[in-house]
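Colleague: This is the content of final08.cif (mmCIF, C-alpha atoms and all ligand atoms):
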data_protein
loop_
_atom_site.label_atom_id
_atom_site.label_comp_id
_atom_site.auth_asym_id
_atom_site.auth_seq_id
_atom_site.Cartn_x
_atom_site.Cartn_y
_atom_site.Cartn_z
CA MET A 28 5.72 31.31 -9.46
CA LYS A 29 3.32 29.15 -11.47
CA THR A 30 0.83 27.13 -9.41
CA TYR A 31 -0.17 23.59 -10.33
CA GLN A 32 -3.47 21.84 -9.79
CA LEU A 33 -1.58 18.54 -9.53
CA VAL A 34 2.07 17.63 -8.96
CA GLY A 35 3.26 14.01 -8.95
CA ILE A 36 6.52 12.49 -7.77
CA GLY A 37 7.35 8.96 -8.86
CA ASN A 38 9.46 6.54 -10.82
CA ALA A 39 9.83 7.50 -14.46
CA VAL A 40 9.63 4.12 -16.16
CA VAL A 41 9.35 3.07 -19.79
CA ASP A 42 6.98 0.09 -20.08
CA VAL A 43 7.62 -2.70 -22.56
CA ILE A 44 4.42 -4.71 -22.80
CA SER A 45 3.62 -8.05 -24.42
CA GLN A 46 0.86 -10.62 -24.12
CA CYS A 47 1.57 -14.19 -23.00
CA GLU A 48 -0.02 -17.37 -21.67
CA ASP A 49 0.11 -18.08 -17.92
CA THR A 50 2.36 -21.08 -18.64
CA PHE A 51 4.97 -18.59 -19.88
CA LEU A 52 4.92 -16.83 -16.49
CA ASP A 53 5.49 -20.16 -14.72
CA HIS A 54 8.22 -21.09 -17.14
CA MET A 55 10.06 -17.78 -16.62
CA GLY A 56 9.48 -17.70 -12.85
CA ILE A 57 7.37 -14.52 -13.00
CA GLU A 58 4.93 -13.94 -10.13
CA LYS A 59 1.53 -13.05 -11.54
CA GLY A 60 -0.19 -9.74 -10.80
CA ILE A 61 2.49 -7.85 -8.88
CA MET A 62 5.57 -5.71 -9.50
CA GLN A 63 8.84 -7.58 -9.04
CA LEU A 64 12.15 -5.73 -9.00
CA ILE A 65 14.73 -7.32 -11.30
CA GLU A 66 18.39 -6.86 -12.15
CA ARG A 67 19.62 -5.66 -15.51
CA ASP A 68 20.64 -9.14 -16.77
CA ARG A 69 17.24 -10.61 -16.03
CA GLY A 70 15.67 -7.64 -17.78
CA GLU A 71 17.63 -8.43 -20.91
CA VAL A 72 16.52 -12.09 -20.81
CA LEU A 73 12.86 -11.13 -20.38
CA TYR A 74 13.06 -8.44 -23.06
CA ALA A 75 14.48 -10.94 -25.55
CA ALA A 76 11.66 -13.40 -24.74
CA MET A 77 8.88 -10.87 -25.45
CA GLU A 78 6.78 -11.25 -28.56
CA GLY A 79 5.04 -8.29 -30.19
CA ARG A 80 6.55 -5.74 -27.80
CA VAL A 81 4.80 -2.40 -27.33
CA GLN A 82 6.96 0.35 -25.81
CA THR A 83 5.21 3.15 -23.97
CA PRO A 84 5.89 5.67 -21.22
CA GLY A 85 4.74 4.28 -17.87
CA GLY A 86 5.52 4.69 -14.18
CA SER A 87 2.55 4.55 -11.88
CA VAL A 88 2.12 8.12 -10.63
CA ALA A 89 3.51 9.40 -13.94
CA ASN A 90 0.61 7.59 -15.66
CA THR A 91 -1.78 9.38 -13.32
CA ILE A 92 -0.26 12.79 -14.00
CA ALA A 93 -0.26 12.16 -17.76
CA GLY A 94 -3.95 11.19 -17.56
CA ALA A 95 -4.79 14.28 -15.51
CA GLY A 96 -2.76 16.49 -17.87
CA ALA A 97 -4.72 15.07 -20.81
CA LEU A 98 -7.91 16.00 -18.93
CA GLY A 99 -6.69 19.59 -18.81
CA LEU A 100 -5.31 19.92 -15.27
CA SER A 101 -2.24 22.12 -14.96
CA SER A 102 0.18 19.41 -13.88
CA ALA A 103 3.83 18.72 -13.23
CA PHE A 104 5.76 15.48 -12.80
CA ILE A 105 8.99 15.12 -10.85
CA GLY A 106 11.01 12.03 -11.74
CA ARG A 107 14.46 11.06 -12.95
CA VAL A 108 15.39 9.87 -16.41
CA HIS A 109 18.86 9.52 -17.89
CA ASP A 110 19.76 11.62 -20.90
CA ASP A 111 19.53 8.55 -23.17
CA ALA A 112 17.13 7.68 -25.99
CA LEU A 113 14.50 6.22 -23.61
CA GLY A 114 14.79 9.16 -21.23
CA ARG A 115 14.35 11.77 -23.94
CA PHE A 116 11.39 9.81 -25.36
CA TYR A 117 9.88 9.75 -21.88
CA ALA A 118 10.28 13.47 -21.15
CA GLN A 119 8.81 14.39 -24.53
CA ALA A 120 5.79 12.12 -23.99
CA MET A 121 4.98 13.89 -20.70
CA GLN A 122 5.21 17.27 -22.40
CA ASP A 123 2.96 16.01 -25.22
CA ASP A 124 0.29 15.33 -22.57
CA GLY A 125 0.62 18.94 -21.40
CA VAL A 126 2.58 18.01 -18.26
CA ASP A 127 5.61 20.02 -17.08
CA PHE A 128 8.46 17.51 -16.81
CA VAL A 129 10.22 19.56 -14.15
CA ASN A 130 13.73 18.08 -14.07
CA ALA A 131 15.75 17.74 -17.28
CA PRO A 132 17.12 14.29 -18.20
CA VAL A 133 20.25 13.65 -16.12
CA GLU A 134 23.55 13.65 -18.00
CA GLY A 135 26.46 11.37 -17.07
CA GLY A 136 26.47 8.54 -14.54
CA GLU A 137 25.97 4.88 -15.31
CA LEU A 138 22.36 4.24 -14.47
CA PRO A 139 20.08 4.20 -17.52
CA THR A 140 16.42 5.19 -17.71
CA SER A 141 14.26 2.70 -15.80
CA ARG A 142 12.15 0.14 -17.65
CA SER A 143 9.53 -2.47 -16.83
CA MET A 144 8.90 -5.66 -18.80
CA ILE A 145 5.16 -6.23 -18.42
CA PHE A 146 3.46 -9.49 -19.38
CA VAL A 147 -0.30 -9.45 -19.90
CA SER A 148 -2.13 -12.75 -19.36
CA PRO A 149 -5.28 -13.84 -21.24
CA ASP A 150 -7.38 -12.65 -18.24
CA GLY A 151 -5.92 -9.14 -18.65
CA GLU A 152 -3.81 -9.31 -15.46
CA ARG A 153 -0.43 -7.60 -15.72
CA SER A 154 2.79 -8.91 -14.20
CA MET A 155 5.49 -6.26 -13.99
CA ASN A 156 9.23 -6.90 -13.91
CA THR A 157 10.94 -3.63 -13.25
CA TYR A 158 14.58 -2.79 -13.66
CA LEU A 159 15.01 0.36 -11.64
CA GLY A 160 17.76 2.41 -13.19
CA ILE A 161 18.12 6.09 -12.46
CA SER A 162 14.51 6.76 -11.40
CA SER A 163 14.76 5.24 -7.94
CA GLU A 164 17.71 7.48 -7.06
CA LEU A 165 15.27 10.32 -6.50
CA SER A 166 16.15 12.41 -3.45
CA SER A 167 15.22 15.74 -1.87
CA ALA A 168 17.64 17.43 -4.27
CA ASP A 169 15.27 16.55 -7.13
CA VAL A 170 12.22 18.08 -5.49
CA SER A 171 12.09 21.85 -5.73
CA PRO A 172 10.37 23.24 -2.61
CA ALA A 173 8.94 25.95 -4.87
CA VAL A 174 7.19 23.35 -7.06
CA ALA A 175 6.03 21.30 -4.06
CA GLY A 176 4.75 24.48 -2.41
CA ALA A 177 2.88 25.44 -5.57
CA ALA A 178 0.86 22.20 -5.74
CA GLN A 179 -2.85 22.28 -4.93
CA ILE A 180 -2.78 18.48 -4.88
CA MET A 181 0.40 16.41 -4.62
CA PHE A 182 0.47 12.69 -5.46
CA LEU A 183 3.38 10.58 -4.19
CA GLU A 184 4.29 7.10 -5.47
CA GLY A 185 4.74 4.44 -2.79
CA TYR A 186 7.33 2.60 -4.88
CA LEU A 187 9.86 5.36 -4.10
CA PHE A 188 9.83 4.16 -0.47
CA ASP A 189 12.21 1.41 -1.56
CA LYS A 190 15.09 3.82 -0.90
CA ASP A 191 15.56 5.87 2.28
CA LYS A 192 16.30 9.02 0.31
CA GLY A 193 12.88 8.63 -1.36
CA LYS A 194 11.22 8.51 2.06
CA THR A 195 13.01 11.69 3.14
CA ALA A 196 12.13 13.42 -0.12
CA PHE A 197 8.46 12.54 0.38
CA MET A 198 8.34 13.78 3.95
CA GLU A 199 9.84 17.13 2.92
CA ALA A 200 7.71 17.45 -0.23
CA ALA A 201 4.53 16.75 1.75
CA GLN A 202 5.52 19.37 4.33
CA ASP A 203 6.26 21.96 1.61
CA CYS A 204 2.97 21.18 -0.09
CA ARG A 205 1.03 21.66 3.15
CA LYS A 206 2.88 24.90 3.93
CA GLY A 207 1.69 26.17 0.55
CA GLY A 208 -1.90 25.23 1.42
CA GLY A 209 -1.98 22.11 -0.80
CA LYS A 210 -3.17 18.57 -0.11
CA PRO A 211 -0.53 15.82 -0.32
CA GLY A 212 -1.50 12.17 -0.75
CA ILE A 213 0.02 8.85 -1.74
CA SER A 214 -0.53 5.84 -3.98
CA LEU A 215 0.23 2.66 -2.04
CA SER A 216 1.61 1.15 -5.28
CA ASP A 217 1.88 -2.56 -4.49
CA PRO A 218 1.07 -4.92 -1.58
CA PHE A 219 4.65 -6.13 -1.30
CA CYS A 220 5.97 -2.59 -1.31
CA VAL A 221 3.57 -1.86 1.58
CA GLU A 222 4.84 -4.97 3.37
CA ARG A 223 8.46 -3.86 2.97
CA HIS A 224 7.80 -0.39 4.45
CA ARG A 225 4.60 -0.73 6.49
CA ALA A 226 5.66 1.34 9.51
CA ASP A 227 7.04 4.18 7.39
CA PHE A 228 3.92 4.29 5.22
CA LEU A 229 1.74 4.53 8.32
CA ARG A 230 3.91 7.23 9.84
CA LEU A 231 3.85 9.40 6.70
CA ILE A 232 0.10 8.92 6.23
CA GLU A 233 -0.76 9.74 9.82
CA ASN A 234 1.56 12.74 10.16
CA GLU A 235 1.51 14.42 6.76
CA LEU A 236 -1.06 13.15 4.27
CA GLU A 237 -4.59 14.19 3.38
CA PHE A 238 -5.50 11.21 1.19
CA VAL A 239 -4.48 7.67 0.30
CA ILE A 240 -5.32 5.71 -2.85
CA GLY A 241 -4.70 1.96 -2.95
CA ASN A 242 -6.19 -1.30 -4.10
CA GLU A 243 -7.69 -3.91 -1.74
CA ASP A 244 -4.52 -5.94 -1.28
CA GLU A 245 -2.48 -2.83 -0.55
CA VAL A 246 -4.94 -1.47 2.03
CA LYS A 247 -5.20 -4.89 3.74
CA SER A 248 -1.41 -5.21 3.76
CA LEU A 249 -1.08 -1.89 5.62
CA PHE A 250 -2.80 -3.46 8.64
CA GLU A 251 -1.86 -7.14 8.07
CA THR A 252 -5.49 -8.23 7.89
CA ASP A 253 -7.67 -10.12 5.39
CA ASP A 254 -10.69 -8.10 6.40
CA LEU A 255 -11.04 -5.10 4.10
CA ASP A 256 -13.64 -3.35 6.28
CA VAL A 257 -11.33 -3.50 9.28
CA ALA A 258 -8.45 -2.13 7.21
CA LEU A 259 -10.58 0.69 5.78
CA ASP A 260 -11.75 1.72 9.26
CA LYS A 261 -8.20 1.73 10.60
CA LEU A 262 -6.93 3.75 7.65
CA ALA A 263 -9.79 6.25 7.88
CA ALA A 264 -8.92 6.75 11.55
CA ILE A 265 -5.52 8.19 10.57
CA CYS A 266 -6.28 9.82 7.19
CA PRO A 267 -9.10 12.18 6.15
CA LEU A 268 -9.74 10.58 2.74
CA VAL A 269 -9.29 6.91 1.88
CA VAL A 270 -9.90 5.61 -1.63
CA CYS A 271 -9.79 1.86 -2.18
CA THR A 272 -10.05 0.45 -5.71
CA ARG A 273 -11.46 -3.05 -5.91
CA SER A 274 -10.90 -4.15 -9.53
CA GLY A 275 -14.20 -5.43 -10.98
CA ASP A 276 -15.95 -4.69 -7.68
CA GLY A 277 -15.55 -0.94 -8.11
CA VAL A 278 -14.36 1.53 -5.49
CA SER A 279 -14.93 2.36 -1.82
CA VAL A 280 -14.31 5.88 -0.56
CA VAL A 281 -14.20 6.64 3.16
CA SER A 282 -14.14 10.18 4.58
CA ALA A 283 -15.65 12.23 7.41
CA GLU A 284 -18.88 12.14 5.37
CA GLY A 285 -19.00 8.33 5.68
CA ARG A 286 -18.46 5.57 3.15
CA VAL A 287 -19.48 5.57 -0.53
CA ASP A 288 -19.29 2.40 -2.65
CA VAL A 289 -19.32 2.91 -6.39
CA PRO A 290 -19.91 -0.22 -8.50
CA VAL A 291 -18.53 -0.83 -12.00
CA GLN A 292 -19.56 -3.06 -14.82
CA LYS A 293 -17.16 -6.00 -14.46
CA VAL A 294 -15.26 -6.88 -17.65
CA VAL A 295 -12.28 -8.98 -18.65
CA PRO A 296 -9.59 -6.32 -19.21
CA VAL A 297 -7.59 -6.40 -22.43
CA ASP A 298 -4.68 -5.15 -20.31
CA ALA A 299 -5.10 -4.14 -16.64
CA THR A 300 -1.84 -2.13 -16.67
CA GLY A 301 -2.57 1.35 -15.39
CA ALA A 302 -6.12 0.65 -14.13
CA GLY A 303 -5.38 2.04 -10.68
CA ASP A 304 -3.28 4.87 -12.12
CA GLN A 305 -5.98 6.11 -14.49
CA PHE A 306 -8.60 5.68 -11.78
CA ALA A 307 -6.46 8.06 -9.70
CA ALA A 308 -6.18 10.50 -12.64
CA GLY A 309 -9.96 10.73 -12.93
CA PHE A 310 -10.53 10.83 -9.18
CA LEU A 311 -7.99 13.60 -8.58
CA PHE A 312 -9.31 15.51 -11.60
CA GLY A 313 -12.77 15.42 -10.00
CA LEU A 314 -11.35 16.47 -6.63
CA SER A 315 -9.53 19.44 -8.15
CA GLN A 316 -12.81 20.56 -9.76
CA GLY A 317 -14.55 20.46 -6.36
CA ARG A 318 -16.85 17.58 -7.31
CA ASP A 319 -18.44 15.38 -4.62
CA LEU A 320 -16.61 12.16 -3.73
CA GLU A 321 -19.10 9.85 -5.43
CA THR A 322 -18.73 11.75 -8.71
CA CYS A 323 -14.93 11.76 -8.31
CA ALA A 324 -15.05 7.96 -7.98
CA LYS A 325 -17.32 7.64 -11.03
CA ILE A 326 -14.95 9.78 -13.10
CA GLY A 327 -12.07 7.60 -11.89
CA CYS A 328 -13.90 4.44 -12.90
CA ALA A 329 -14.64 5.84 -16.37
CA CYS A 330 -10.94 6.62 -16.84
CA ALA A 331 -9.97 3.14 -15.61
CA ALA A 332 -12.54 1.49 -17.90
CA GLU A 333 -10.95 3.20 -20.92
CA VAL A 334 -7.39 2.21 -20.06
CA ILE A 335 -8.18 -1.47 -19.46
CA SER A 336 -9.86 -1.69 -22.88
CA HIS A 337 -6.50 -1.52 -24.70
CA ILE A 338 -2.82 -2.33 -24.29
CA GLY A 339 -0.87 0.37 -22.41
CA PRO A 340 -1.19 2.38 -19.18
CA ARG A 341 -2.33 5.76 -20.55
CA PRO A 342 -5.54 6.92 -22.28
CA GLN A 343 -5.78 6.54 -26.04
CA VAL A 344 -8.94 8.57 -26.64
CA ASP A 345 -10.02 12.11 -25.80
CA MET A 346 -11.09 11.52 -22.19
CA LYS A 347 -12.77 14.92 -21.89
CA SER A 348 -15.23 13.97 -24.66
CA LEU A 349 -15.72 10.53 -23.16
CA LEU A 350 -16.50 11.96 -19.70
CA SER A 351 -18.76 14.56 -21.23
CA SER A 352 -20.79 11.94 -23.17
CA ALA A 353 -21.09 9.95 -19.94
CA GLY A 354 -22.57 13.06 -18.28
CA LEU A 355 -19.70 13.20 -15.76
CA ILE A 356 -18.40 16.66 -16.72
N1 LIG B 401 -12.21 -6.43 -14.21
C1 LIG B 401 -12.58 -5.14 -14.14
N2 LIG B 401 -13.80 -4.76 -14.59
C2 LIG B 401 -14.17 -3.45 -14.54
N3 LIG B 401 -13.41 -2.47 -14.04
C3 LIG B 401 -12.19 -2.78 -13.57
C4 LIG B 401 -11.71 -4.13 -13.59
N4 LIG B 401 -10.46 -4.14 -13.09
C5 LIG B 401 -10.17 -2.86 -12.75
N5 LIG B 401 -11.21 -2.04 -13.03
C6 LIG B 401 -11.28 -0.59 -12.80
O1 LIG B 401 -9.99 -0.11 -12.46
C7 LIG B 401 -9.96 0.39 -11.11
C8 LIG B 401 -8.64 0.03 -10.48
O2 LIG B 401 -8.46 -1.36 -10.51
P1 LIG B 401 -7.63 -2.15 -9.39
O3 LIG B 401 -7.36 -3.50 -9.94
O4 LIG B 401 -8.37 -2.08 -8.12
O5 LIG B 401 -6.32 -1.25 -9.25
P2 LIG B 401 -4.75 -1.56 -9.53
O6 LIG B 401 -4.56 -1.44 -11.00
O7 LIG B 401 -4.06 -0.47 -8.78
O8 LIG B 401 -4.48 -2.92 -8.97
C9 LIG B 401 -11.18 -0.24 -10.44
O9 LIG B 401 -11.64 0.53 -9.36
C10 LIG B 401 -12.17 -0.26 -11.60
O10 LIG B 401 -12.74 1.02 -11.78
O1 LIG B 402 6.45 1.44 -12.11
C1 LIG B 402 6.51 0.29 -12.57
O2 LIG B 402 7.30 -0.58 -12.17
C2 LIG B 402 5.53 -0.13 -13.64
C3 LIG B 402 4.83 1.05 -14.28
O3 LIG B 402 5.67 1.56 -15.27
C4 LIG B 402 3.47 0.66 -14.82
O4 LIG B 402 3.05 1.51 -15.85
C5 LIG B 402 2.48 0.66 -13.69
O5 LIG B 402 2.81 0.91 -12.54
C6 LIG B 402 1.11 0.34 -13.99
O6 LIG B 402 0.29 0.62 -12.87
P1 LIG B 402 -0.90 -0.26 -12.26
O7 LIG B 402 -1.22 -1.36 -13.21
O8 LIG B 402 -2.05 0.74 -12.11
O9 LIG B 402 -0.41 -0.72 -10.91
#
As structure tokens - that is how I would like this structure written.
Ligand SMILES: Nc1ncnc2c1ncn2[C@@H]1O[C@H](COP(=O)(O)OP(=O)(O)O)[C@@H](O)[C@H]1O
Ligand SMILES: O=C(O)C[C@@H](O)[C@H](O)C(=O)COP(=O)(O)O
Modeller:
Amino acid sequence: MKTYQLVGIGNAVVDVISQCEDTFLDHMGIEKGIMQLIERDRGEVLYAAMEGRVQTPGGSVANTIAGAGALGLSSAFIGRVHDDALGRFYAQAMQDDGVDFVNAPVEGGELPTSRSMIFVSPDGERSMNTYLGISSELSSADVSPAVAGAAQIMFLEGYLFDKDKGKTAFMEAAQDCRKGGGKPGISLSDPFCVERHRADFLRLIENELEFVIGNEDEVKSLFETDDLDVALDKLAAICPLVVCTRSGDGVSVVSAEGRVDVPVQKVVPVDATGAGDQFAAGFLFGLSQGRDLETCAKIGCACAAEVISHIGPRPQVDMKSLLSSAGLI
């Protein structure tokens, strides 16, 4: 059986991105800066209202795996797409990044491939409106224990907690990964997703996971506090490795070795979509190469800096050369 340096499980989502003024968000009733789940009809209205649409493969953990695959990690992604035009486009794009797209597009059924209408404001903030089609139906049946057991690092997407079968699939996948000697971890995904499933997130983290990656709002939401330091301490008490991204304020990493804060040069992003995802790609790449945590965080920040410099959630340059010129690899 092939082994993988990184295996991800998440929503397979095609992103449709366009830029807009903040007044447009107000006018359309879109909440800025988060991921809102929408129904199909609303998706069609938003799609029709988009100017200069860019269509690209997305999905949070899928973005991370694609970024890590492009950096040369042997990687696999487990997610569901329908056997429609978007789904085939999606599967091919993962393969083009050198990632094994483990499960073939699903034939039959009524649910189409998932899509997210993403509006980017002049300050670079992204507001996601996601119509979850077939991707959120992921269950244990989609996760081969052989693949989970062959993962050196496994990265789970918090968004899949929105369905009970996703929670069960994660628990089993994490157990299989650990049995195989791998390290499972999770992306917290979104503060409102954490709010919806706080107790289950905490249970999975405490019982099964080796690392957690989340932004400030997500980490604070886990413990219902506005004090990030308190939240980081509480999270580190139940998880060996905590990685908190802090937008233009960089990253804080807490482990048994203590806390490391890595600053970044603050910029106005062209498009913040995928910042956290590409940070995770770089961080997990560093981890898989046995680099120290500070260097892992610096690699993550370099990957995030690239992705926020253009529209779209995945790298558009050769990241290996970029990291090499920055002296990070
Ligand atoms: N305004 C910014 N200036 C510089 N770097 C940024 C900025 N916003 C995000 N980043 C980079 O992207 C990483 C992830 O951003 P963050 O906003 O915390 O995550 P998410 O996209 O998950 O909300 C940060 O740790 C940082 O490296
Ligand atoms: O999964 C979604 O609903 C949206 C994704 O397709 C999108 O690419 C995404 O999650 C971007 O991630 P982030 O900006 O790093 O949170």
Colleague: Per residue of segment 173-218 of chain A within 9 Å of segment 31-55 of chain A, what are the shortest atom pair and its distance in Å to one decimal, counting only C-alpha atoms, with rows by chain and residue number, as a Markdown table?
Modeller:
| residue | atom | partner | partner_atom | distance |
| --- | --- | --- | --- | --- |
| A:Val174 | CA | A:Val34 | CA | 7.9 |
| A:Ala175 | CA | A:Val34 | CA | 7.3 |
| A:Ala177 | CA | A:Tyr31 | CA | 5.9 |
| A:Ala178 | CA | A:Tyr31 | CA | 4.9 |
| A:Gln179 | CA | A:Gln32 | CA | 4.9 |
| A:Ile180 | CA | A:Leu33 | CA | 4.8 |
| A:Met181 | CA | A:Val34 | CA | 4.8 |
| A:Phe182 | CA | A:Gly35 | CA | 4.7 |
| A:Leu183 | CA | A:Ile36 | CA | 5.1 |
| A:Glu184 | CA | A:Gly37 | CA | 4.9 |
| A:Gly185 | CA | A:Gly37 | CA | 8.0 |
| A:Tyr186 | CA | A:Asn38 | CA | 7.4 |
| A:Leu187 | CA | A:Gly37 | CA | 6.5 |
| A:Phe197 | CA | A:Ile36 | CA | 8.4 |
Colleague: Take the residues from that selection and write them out as a PDB file, keeping the file's coordinate frame, keeping C-alpha atoms.
Modeller:
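Output saved as again-v3.pdb:
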ATOM      1  CA  VAL A 174       7.190  23.350  -7.060  1.00  0.00           C
ATOM      2  CA  ALA A 175       6.030  21.300  -4.060  1.00  0.00           C
ATOM      3  CA  ALA A 177       2.880  25.440  -5.570  1.00  0.00           C
ATOM      4  CA  ALA A 178       0.860  22.200  -5.740  1.00  0.00           C
ATOM      5  CA  GLN A 179      -2.850  22.280  -4.930  1.00  0.00           C
ATOM      6  CA  ILE A 180      -2.780  18.480  -4.880  1.00  0.00           C
ATOM      7  CA  MET A 181       0.400  16.410  -4.620  1.00  0.00           C
ATOM      8  CA  PHE A 182       0.470  12.690  -5.460  1.00  0.00           C
ATOM      9  CA  LEU A 183       3.380  10.580  -4.190  1.00  0.00           C
ATOM     10  CA  GLU A 184       4.290   7.100  -5.470  1.00  0.00           C
ATOM     11  CA  GLY A 185       4.740   4.440  -2.790  1.00  0.00           C
ATOM     12  CA  TYR A 186       7.330   2.600  -4.880  1.00  0.00           C
ATOM     13  CA  LEU A 187       9.860   5.360  -4.100  1.00  0.00           C
ATOM     14  CA  PHE A 197       8.460  12.540   0.380  1.00  0.00           C
TER      15      PHE A 197
END
Colleague: Need the shell around segment 290-303 of chain A: protein/DNA/RNA residues with any atom at most 10 Å away, counting all atoms listed in the file. Skip same-chain ones fewer than 3 positions apart. Format as number ranges by chain?
Modeller: A: 42, 44-46, 60, 85-88, 90-91, 145-155, 214, 216, 240-242, 271-279, 287, 306-308, 324-325, 327-342
Colleague: Using atom CA of Gly106 of chain A and atom CA of Asn130 of chain A as the two end points, give the distance in Å to one decimal.
Modeller: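 These atoms are spaced 7.0 Å apart.
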Colleague: Need to verify the contact set: Arg225 of chain A, 12 Å, all atoms listed in the file, exclusion of same-chain residues closer than 2 positions in sequence. Can you return it as an MDAnalysis selection string?
Modeller: chainID A and resid 185 188:189 215 217:223 227:232 245:251
Colleague: Any chance you could export the current selection's C-alpha atoms as a short mmCIF file (atom, residue, chain, number, x, y, z; two decimals), keeping the file's coordinate frame?
Modeller:
data_model
loop_
_atom_site.label_atom_id
_atom_site.label_comp_id
_atom_site.auth_asym_id
_atom_site.auth_seq_id
_atom_site.Cartn_x
_atom_site.Cartn_y
_atom_site.Cartn_z
CA GLY A 185 4.74 4.44 -2.79
CA PHE A 188 9.83 4.16 -0.47
CA ASP A 189 12.21 1.41 -1.56
CA LEU A 215 0.23 2.66 -2.04
CA ASP A 217 1.88 -2.56 -4.49
CA PRO A 218 1.07 -4.92 -1.58
CA PHE A 219 4.65 -6.13 -1.30
CA CYS A 220 5.97 -2.59 -1.31
CA VAL A 221 3.57 -1.86 1.58
CA GLU A 222 4.84 -4.97 3.37
CA ARG A 223 8.46 -3.86 2.97
CA ASP A 227 7.04 4.18 7.39
CA PHE A 228 3.92 4.29 5.22
CA LEU A 229 1.74 4.53 8.32
CA ARG A 230 3.91 7.23 9.84
CA LEU A 231 3.85 9.40 6.70
CA ILE A 232 0.10 8.92 6.23
CA GLU A 245 -2.48 -2.83 -0.55
CA VAL A 246 -4.94 -1.47 2.03
CA LYS A 247 -5.20 -4.89 3.74
CA SER A 248 -1.41 -5.21 3.76
CA LEU A 249 -1.08 -1.89 5.62
CA PHE A 250 -2.80 -3.46 8.64
CA GLU A 251 -1.86 -7.14 8.07
#
Colleague: Distance atom CA of Gly135 of chain A-atom CA of Gln122 of chain A, one decimal place?
Modeller: 22.7 Å
Colleague: From the list A:Met346, A:Glu243, A:Val281, A:Ser171, which residue is nearest ligand LIG 401 (chain B) when using only C-alpha atoms and all ligand atoms?
Modeller: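 Using only C-alpha atoms and all ligand atoms, the shortest distance to ligand LIG 401 (chain B) belongs to A:Glu243.
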Colleague: Box for segment 336-344 of chain A: with edges along x, y and z, all listed atoms inside and 3 Å added on each side, what are the centre and edge lengths in Å to one decimal, as AutoDock Vina command-line options?
Modeller:
--center_x -5.4 --center_y 3.1 --center_z -22.9 --size_x 15.0 --size_y 16.9 --size_z 13.5
Colleague: Quick check, in Å to one decimal: how far apart do atom CA of Leu262 of chain A and atom CA of Val280 of chain A lie?
Modeller: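 Rounded to one decimal, the two atoms are 11.2 Å apart.
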Colleague: Need the neighbours of (18.7, 11.1, 2.3): which residues are at most 12 Å away, counting all atoms listed in the file, as a short mmCIF file (atom, residue, chain, number, x, y, z; two decimals) with C-alpha atoms, in the coordinates of the input?
Modeller:
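This went into result_12.cif:
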data_model
loop_
_atom_site.label_atom_id
_atom_site.label_comp_id
_atom_site.auth_asym_id
_atom_site.auth_seq_id
_atom_site.Cartn_x
_atom_site.Cartn_y
_atom_site.Cartn_z
CA GLU A 164 17.71 7.48 -7.06
CA LEU A 165 15.27 10.32 -6.50
CA SER A 166 16.15 12.41 -3.45
CA SER A 167 15.22 15.74 -1.87
CA ALA A 168 17.64 17.43 -4.27
CA ASP A 169 15.27 16.55 -7.13
CA PHE A 188 9.83 4.16 -0.47
CA LYS A 190 15.09 3.82 -0.90
CA ASP A 191 15.56 5.87 2.28
CA LYS A 192 16.30 9.02 0.31
CA GLY A 193 12.88 8.63 -1.36
CA LYS A 194 11.22 8.51 2.06
CA THR A 195 13.01 11.69 3.14
CA ALA A 196 12.13 13.42 -0.12
CA PHE A 197 8.46 12.54 0.38
CA MET A 198 8.34 13.78 3.95
CA GLU A 199 9.84 17.13 2.92
#
Colleague: Write out as a ChimeraX atom specification which residues come within 10 Å of Ser101 of chain A when counting all atoms listed in the file, dropping same-chain ones fewer than 2 positions away.
Modeller: /A:29-34,92,95-99,103,125-127,178
Colleague: Which polymer residues, protein or nucleic acid, are no farther than 9 Å from (5.0, 7.6, -29.7), counting all atoms listed in the file, as a list in words?
Modeller: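 In the file's frame, the residues around the point are Gln82, Thr83, Pro84, Phe116 and Ala120 of chain A.
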Colleague: Could you tell me which of A:Gly207, A:Ser143, A:Arg107, A:Asp123 comes closest to Ile161 of chain A if we count all atoms listed in the file?
Modeller: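 Comparing A:Gly207, A:Ser143, A:Arg107, A:Asp123 against Ile161 of chain A, the winner is A:Arg107.
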